[in-house]
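Novice: My questions all concern the structure below.
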Amino acid sequence: MPESSNSHDISRLQRPRFLLLYFLLVAVVGFSLLSSLKVGGIQSTFIEQTGASKGSFHKTVSDGSPDLLLSVPFYVYEEFAWLNATFVGRPVSEVAYSSEKNATSFKHGDDYWFLASSLRHPMRTRNISEAKIFFVPMLLNFMDEEMYYKGPLCAIGKCDGDLLMYTQEQLRNSPAFQQYPDRHFVVRSCYNAAGNKWNKKLANIKGYNEFMELFKKMHVVIFEKKDMFPNPGFRHTFPSYYVGSGCELSKEKPFDVAMIAIFKRNPAFKDRRNICSWLSSNSSTAKVSVCGQGDRCPALAQSKFGLHAPGDTWGSQRPMDTILSGTVPIFTHVNQYEILGPWIDWTQLSYYLPVHNDTIVNRLVLTKYSIKPYATQDVFLRRLQTILEDEEGYKRKHQAVLDHRPLFDYTTLYPFDTYMYLLQAELYPETRRRSSRWSALILPPPLFDDPEQQY
């Protein structure tokens with residue numbers, strides 16, 4: 001009896017301790033859940049505002065991106081994260097991405113993809129004092145395209161110029177921007193960025209010049225190495241990748257070449273017309289799936305090579321479409337390489353097949369138009385035959401294309417991570433890495449010979 005009474009007394013004494021431990025455990029679990037909700041808040045907002053299901057969001061930007069390069073924390077201006085924006089009355093997420101066969105993603109939609117990736121990247125911080133880079137995710141490319149599509153970009157109850165002025169006001173009053181203007185990064189890589197003005201509508205709004213003064217202070221992704229408002233010595237510019245649309249990979253490659261491209265009457269498209277005419281009249285040279293207008297898929301994925309000829313400009317989303325489809329791109333002019341980022345070793349991923357007589361072209365001041373009279377059918381077809389006979393070279397480049405597909409795939413974190421790391425390497429050179437998982441990615445050289453000296 002005394003023993004039983006003693007046991008009862010002990011359990012009564014221990015009950016408050018157990019209750020205390022229980023409440024501490026509940027508090028820890030609750031704090032963890034609250035933290036996870038806070039971290040996932042932007043994802044939840046994206047799902048609610050765009051009407052996308054959780055599954056479709058994961059298909060849009062994948063978390064499964066190992067071996068990322070960026071190693072310094074960055075801050076995202078959430079007030080510019082216009083995930084609920086509409087473009088010509090449609091959600092920007094629908095304009096930027098379509099999983100349907102032969103649907104084309106918005107080729108200048110890298111601003112949308114940077115926004116989506118920035119909210120999921122593991123180096124993102126919400127603490128301004130910790131941030132080494134500040135990302136401004138406003139959808140400038142969509143805003144620029146308004147001139148062509150005759151419809152506005154709208155978000156947070158504002159459209160076009162009002163959004164621009166809202167951004168100007170927020171940045172101008174931002175302590176982070178006032179203190180660290182040289183750490184800010186923005187995407188501005190649409191076609192009209194090549195001109196001296198933005199588009200006519202935006203350039204005429206009140207406050208446009210004030211916004212551009214802020215814009216000139218930011219590091220920027222630009223269109224084909226063309227900086228609208230150069231500010232040498234103060235900011236870094238990075239040529240953009242076009243956003244590609246790949247086909248489902250094909251194990252079988254029954255065709256030699258494909259070139260899915262539109263033709264226009266202006267002289268800049270003459271190379272495209274010539275190439276298709278030459279291949280059509282010399283059908284024994286190569287098996288062609290599609291040359292000209294036609295369905296991209298599965299024609300591109302079922303071809304060993306995808307030809308890239310210039311059009312309105314030297315660049316196009318075509319090389320990205322080709323790589324994402326598991327096909328080796330063939331560039332037809334050296335300037336097509338020049339407008340791309342110098343951080344990619346394109347010799348690993350592509351062939352070069354000039355449409356023109358090099359000995360003549362090398363003596364010219366090159367433009368899209370001046371080279372057109374020097375197209376040489378015989379030389380082109382002879383060099384194409386040499387490429388088709390290079391079986392070992394094709395196997396090597398094809399494998400490299402397959403290995404590097406994620407690097408150019410905006411549904412992964414890699415494109416955003418690459419650009420952010422390139423800026424990191426310029427702002428904080430002591431943090432430069434010596435290598436990466438990508439053999440064709442040329443990293444800025446580290447400052448130190450001894451790896452242990454690195455940050």
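Residues are named by chain letter and number: chains run A, B, ... in the order of the structure tokens, numbers start at 1 in each chain, and ligands are numbered from 1 in the order shown.
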Pick out the residues sitting within 10 Å of A:Ile442, and hand them over as a PyMOL selection string; count only C-alpha atoms, and ignore anything fewer than 4 positions along from it in its own chain.
Specialist: chain A and resi 341-345+434-436+438
Novice: I need the helix (DSSP H, G or I) residues of stretch 171-327 of chain A per DSSP on the backbone, written as JSON, numbers by chain.
Specialist: {"A": [171, 172, 175, 176, 177, 178, 179, 181, 182, 183, 191, 192, 193, 194, 200, 201, 202, 203, 208, 209, 210, 211, 212, 213, 214, 215, 267, 268, 269, 270, 271, 272, 273, 274, 275, 276, 277, 278, 279, 280, 281, 318, 319, 320, 321, 322, 323, 324]}
Novice: Restrict the selected residues to C-alpha atoms and save them as a PDB file, in the first residue's frame.
Specialist:
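So out10.pdb came out as:
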ATOM      1  CA  LEU A 171      12.697  51.699 -55.987  1.00  0.00           C
ATOM      2  CA  ARG A 172      13.291  55.391 -55.371  1.00  0.00           C
ATOM      3  CA  PRO A 175      16.490  51.783 -48.545  1.00  0.00           C
ATOM      4  CA  ALA A 176      18.137  48.795 -50.253  1.00  0.00           C
ATOM      5  CA  PHE A 177      18.222  50.544 -53.641  1.00  0.00           C
ATOM      6  CA  GLN A 178      19.468  53.774 -52.117  1.00  0.00           C
ATOM      7  CA  GLN A 179      22.249  51.970 -50.289  1.00  0.00           C
ATOM      8  CA  PRO A 181      22.144  50.410 -56.389  1.00  0.00           C
ATOM      9  CA  ASP A 182      25.151  48.548 -57.795  1.00  0.00           C
ATOM     10  CA  ARG A 183      23.820  45.219 -56.505  1.00  0.00           C
ATOM     11  CA  TYR A 191      13.633  43.099 -79.170  1.00  0.00           C
ATOM     12  CA  ASN A 192      12.776  46.765 -78.690  1.00  0.00           C
ATOM     13  CA  ALA A 193      15.540  47.109 -76.124  1.00  0.00           C
ATOM     14  CA  ALA A 194      17.869  47.440 -79.099  1.00  0.00           C
ATOM     15  CA  LYS A 200       6.488  54.780 -78.059  1.00  0.00           C
ATOM     16  CA  LYS A 201       3.658  54.544 -75.590  1.00  0.00           C
ATOM     17  CA  LEU A 202       5.841  54.045 -72.532  1.00  0.00           C
ATOM     18  CA  ALA A 203       8.434  56.589 -73.631  1.00  0.00           C
ATOM     19  CA  TYR A 208       9.697  57.674 -67.994  1.00  0.00           C
ATOM     20  CA  ASN A 209      13.065  59.437 -67.920  1.00  0.00           C
ATOM     21  CA  GLU A 210      13.210  59.208 -64.131  1.00  0.00           C
ATOM     22  CA  PHE A 211      12.611  55.464 -64.321  1.00  0.00           C
ATOM     23  CA  MET A 212      15.333  55.058 -66.931  1.00  0.00           C
ATOM     24  CA  GLU A 213      17.805  56.826 -64.641  1.00  0.00           C
ATOM     25  CA  LEU A 214      17.104  54.129 -62.058  1.00  0.00           C
ATOM     26  CA  PHE A 215      17.199  51.433 -64.730  1.00  0.00           C
ATOM     27  CA  PRO A 267      16.346  40.505 -97.558  1.00  0.00           C
ATOM     28  CA  ALA A 268      17.206  39.365 -94.049  1.00  0.00           C
ATOM     29  CA  PHE A 269      15.353  36.092 -94.696  1.00  0.00           C
ATOM     30  CA  LYS A 270      17.107  35.230 -97.941  1.00  0.00           C
ATOM     31  CA  ASP A 271      19.438  32.719 -96.288  1.00  0.00           C
ATOM     32  CA  ARG A 272      16.471  30.706 -95.055  1.00  0.00           C
ATOM     33  CA  ARG A 273      14.906  30.618 -98.489  1.00  0.00           C
ATOM     34  CA  ASN A 274      18.221  29.690-100.108  1.00  0.00           C
ATOM     35  CA  ILE A 275      18.910  26.828 -97.703  1.00  0.00           C
ATOM     36  CA  CYS A 276      15.489  25.253 -98.198  1.00  0.00           C
ATOM     37  CA  SER A 277      15.719  25.678-101.964  1.00  0.00           C
ATOM     38  CA  TRP A 278      19.166  24.092-102.084  1.00  0.00           C
ATOM     39  CA  LEU A 279      18.121  21.120 -99.936  1.00  0.00           C
ATOM     40  CA  SER A 280      14.947  20.615-101.972  1.00  0.00           C
ATOM     41  CA  SER A 281      16.786  20.610-105.307  1.00  0.00           C
ATOM     42  CA  ARG A 318      15.749  28.122 -82.738  1.00  0.00           C
ATOM     43  CA  PRO A 319      19.061  26.930 -81.207  1.00  0.00           C
ATOM     44  CA  MET A 320      17.304  26.528 -77.839  1.00  0.00           C
ATOM     45  CA  ASP A 321      14.389  24.655 -79.461  1.00  0.00           C
ATOM     46  CA  THR A 322      16.966  22.416 -81.121  1.00  0.00           C
ATOM     47  CA  ILE A 323      18.977  21.657 -77.985  1.00  0.00           C
ATOM     48  CA  LEU A 324      15.863  21.062 -75.880  1.00  0.00           C
TER      49      LEU A 324
END
Novice: What is the atom CA of A:Pro354-atom CA of A:Ala258 distance in Å, reported with one decimal?
Specialist: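 The value is 16.2 Å.
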Novice: Using only C-alpha atoms, pick whichever of A:Ser71, A:Ser118, A:Ser250, A:Gln348 has the shortest atom-to-atom distance to A:Ala440.
Specialist: A:Gln348
Novice: Which residues are close to A:Ile339, i.e. within 8 Å by only C-alpha atoms, leaving aside same-chain residues fewer than 6 positions away? Reply as a ChimeraX atom specification.
Specialist: /A:224-225,239,314-315
Novice: Please write the residues from the selection above to a file, keeping N, CA, C and O atoms, as a short mmCIF file (atom, residue, chain, number, x, y, z; two decimals), in the first residue's frame.
Specialist:
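part02.cif, freshly written:
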data_model
loop_
_atom_site.label_atom_id
_atom_site.label_comp_id
_atom_site.auth_asym_id
_atom_site.auth_seq_id
_atom_site.Cartn_x
_atom_site.Cartn_y
_atom_site.Cartn_z
N GLU A 224 20.60 40.36 -77.37
CA GLU A 224 21.64 40.21 -78.38
C GLU A 224 22.78 41.23 -78.24
O GLU A 224 23.21 41.86 -79.21
N LYS A 225 23.24 41.42 -77.02
CA LYS A 225 24.37 42.31 -76.73
C LYS A 225 24.08 43.78 -77.04
O LYS A 225 25.00 44.58 -77.19
N PRO A 239 24.13 39.04 -72.34
CA PRO A 239 23.21 38.67 -73.43
C PRO A 239 22.25 37.57 -73.00
O PRO A 239 22.64 36.64 -72.28
N TRP A 314 20.15 38.45 -85.88
CA TRP A 314 21.03 37.28 -85.94
C TRP A 314 20.51 36.14 -85.08
O TRP A 314 20.73 34.97 -85.37
N GLY A 315 19.83 36.48 -83.98
CA GLY A 315 19.43 35.47 -83.02
C GLY A 315 18.03 34.94 -83.25
O GLY A 315 17.27 35.43 -84.08
#
Novice: With only C-alpha atoms as the basis for distance, which of A:Met143, A:Thr125, A:Met420, A:His333 is at the shortest distance from A:Leu353?
Specialist: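 For A:Leu353, the nearest of the candidates is A:His333.
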Novice: One decimal, in Å: what's the spacing between atom CA of A:Lys287 and atom CA of A:Trp346?
Specialist: 24.7 Å
Novice: Set the distance at 7 Å and use only C-alpha atoms: which residues neighbour A:Phe80 once local chain neighbours fewer than 4 positions away are removed? I'd like the list as a list in words.
Specialist: Val136, Pro137 and Met138 of chain A
Novice: Selected residues, all heavy atoms, written as an mmCIF file, in the first residue's frame, please.
Specialist:
data_model
loop_
_atom_site.group_PDB
_atom_site.id
_atom_site.type_symbol
_atom_site.label_atom_id
_atom_site.label_comp_id
_atom_site.auth_asym_id
_atom_site.auth_seq_id
_atom_site.Cartn_x
_atom_site.Cartn_y
_atom_site.Cartn_z
ATOM 1 N N VAL A 136 15.176 42.482 -59.195
ATOM 2 C CA VAL A 136 13.972 43.272 -59.465
ATOM 3 C C VAL A 136 13.176 42.527 -60.539
ATOM 4 O O VAL A 136 13.524 42.577 -61.723
ATOM 5 C CB VAL A 136 14.335 44.689 -59.950
ATOM 6 C CG1 VAL A 136 13.084 45.516 -60.181
ATOM 7 C CG2 VAL A 136 15.259 45.377 -58.947
ATOM 8 N N PRO A 137 12.104 41.801 -60.173
ATOM 9 C CA PRO A 137 11.477 40.865 -61.112
ATOM 10 C C PRO A 137 10.329 41.437 -61.938
ATOM 11 O O PRO A 137 9.459 40.691 -62.374
ATOM 12 C CB PRO A 137 10.941 39.778 -60.174
ATOM 13 C CG PRO A 137 10.541 40.532 -58.951
ATOM 14 C CD PRO A 137 11.536 41.659 -58.814
ATOM 15 N N MET A 138 10.300 42.753 -62.178
ATOM 16 C CA MET A 138 9.207 43.314 -62.977
ATOM 17 C C MET A 138 9.237 42.779 -64.407
ATOM 18 O O MET A 138 10.309 42.521 -64.965
ATOM 19 C CB MET A 138 9.277 44.835 -62.965
ATOM 20 C CG MET A 138 10.544 45.420 -63.521
ATOM 21 S SD MET A 138 10.606 47.218 -63.394
ATOM 22 C CE MET A 138 9.151 47.722 -64.279
#
Novice: Taking the DSSP secondary structure from the backbone, can you list the residues of stretch 281-437 of chain A that are strand (DSSP E or B), as a PyMOL selection string?
Specialist: chain A and resi 288-292+303-308+328-331+344+351-352+356+375
Novice: If you count only C-alpha atoms, which residues fall within 10 Å of A:Glu78, apart from same-chain ones fewer than 2 positions away, as a PyMOL selection string?
Specialist: chain A and resi 42+75-76+80-83+115+119+126+135-138
Novice: For A:Thr418, work out the shell of residues within 9 Å, counting only C-alpha atoms and skipping chain neighbours fewer than 2 positions away, then give it as a list of chain:residue names.
Specialist: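 So the residues in contact are A:Leu68, A:Leu69, A:Leu70, A:Leu407, A:Leu413, A:Tyr414, A:Pro415, A:Phe416, A:Met420, A:Tyr421, A:Leu422, A:Leu423.
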Novice: Quick one: everything within 9 Å of A:Val334, counting only C-alpha atoms, minus sequence neighbours fewer than 3 positions away in the same chain. Send it as a ChimeraX atom specification.
Specialist: /A:331,337-338,352,354
Novice: Save out the residues we just selected, N, CA, C and O atoms, as an mmCIF file, in the first residue's frame.
Specialist:
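Output file part08.cif follows:
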data_model
loop_
_atom_site.group_PDB
_atom_site.id
_atom_site.type_symbol
_atom_site.label_atom_id
_atom_site.label_comp_id
_atom_site.auth_asym_id
_atom_site.auth_seq_id
_atom_site.Cartn_x
_atom_site.Cartn_y
_atom_site.Cartn_z
ATOM 1 N N PHE A 331 24.910 26.328 -86.784
ATOM 2 C CA PHE A 331 24.883 27.772 -86.986
ATOM 3 C C PHE A 331 25.398 28.081 -88.398
ATOM 4 O O PHE A 331 26.282 27.398 -88.898
ATOM 5 N N TYR A 337 26.930 33.328 -83.152
ATOM 6 C CA TYR A 337 27.660 33.013 -81.927
ATOM 7 C C TYR A 337 27.970 34.282 -81.133
ATOM 8 O O TYR A 337 27.895 34.288 -79.898
ATOM 9 N N GLU A 338 28.326 35.333 -81.840
ATOM 10 C CA GLU A 338 28.790 36.556 -81.192
ATOM 11 C C GLU A 338 27.731 37.176 -80.280
ATOM 12 O O GLU A 338 28.049 37.797 -79.274
ATOM 13 N N TYR A 352 29.394 24.576 -87.205
ATOM 14 C CA TYR A 352 29.334 25.848 -87.925
ATOM 15 C C TYR A 352 29.374 25.560 -89.420
ATOM 16 O O TYR A 352 30.321 24.938 -89.916
ATOM 17 N N PRO A 354 28.843 27.876 -92.668
ATOM 18 C CA PRO A 354 28.529 29.181 -93.256
ATOM 19 C C PRO A 354 27.781 29.054 -94.577
ATOM 20 O O PRO A 354 28.064 28.165 -95.385
#
Novice: Just the number, please: distance in Å from atom CA of A:Phe448 to atom CA of A:Arg432, one decimal.
Specialist: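 Between atom CA of A:Phe448 and atom CA of A:Arg432 the gap is 9.2 Å.
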Novice: Calculated over only C-alpha atoms, which of the candidates A:Glu79, A:Asp110, A:Glu392, A:Asp403 has the smallest distance to A:Val92?
Specialist: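 Once distances to A:Val92 are computed over only C-alpha atoms, the minimum belongs to A:Asp110.
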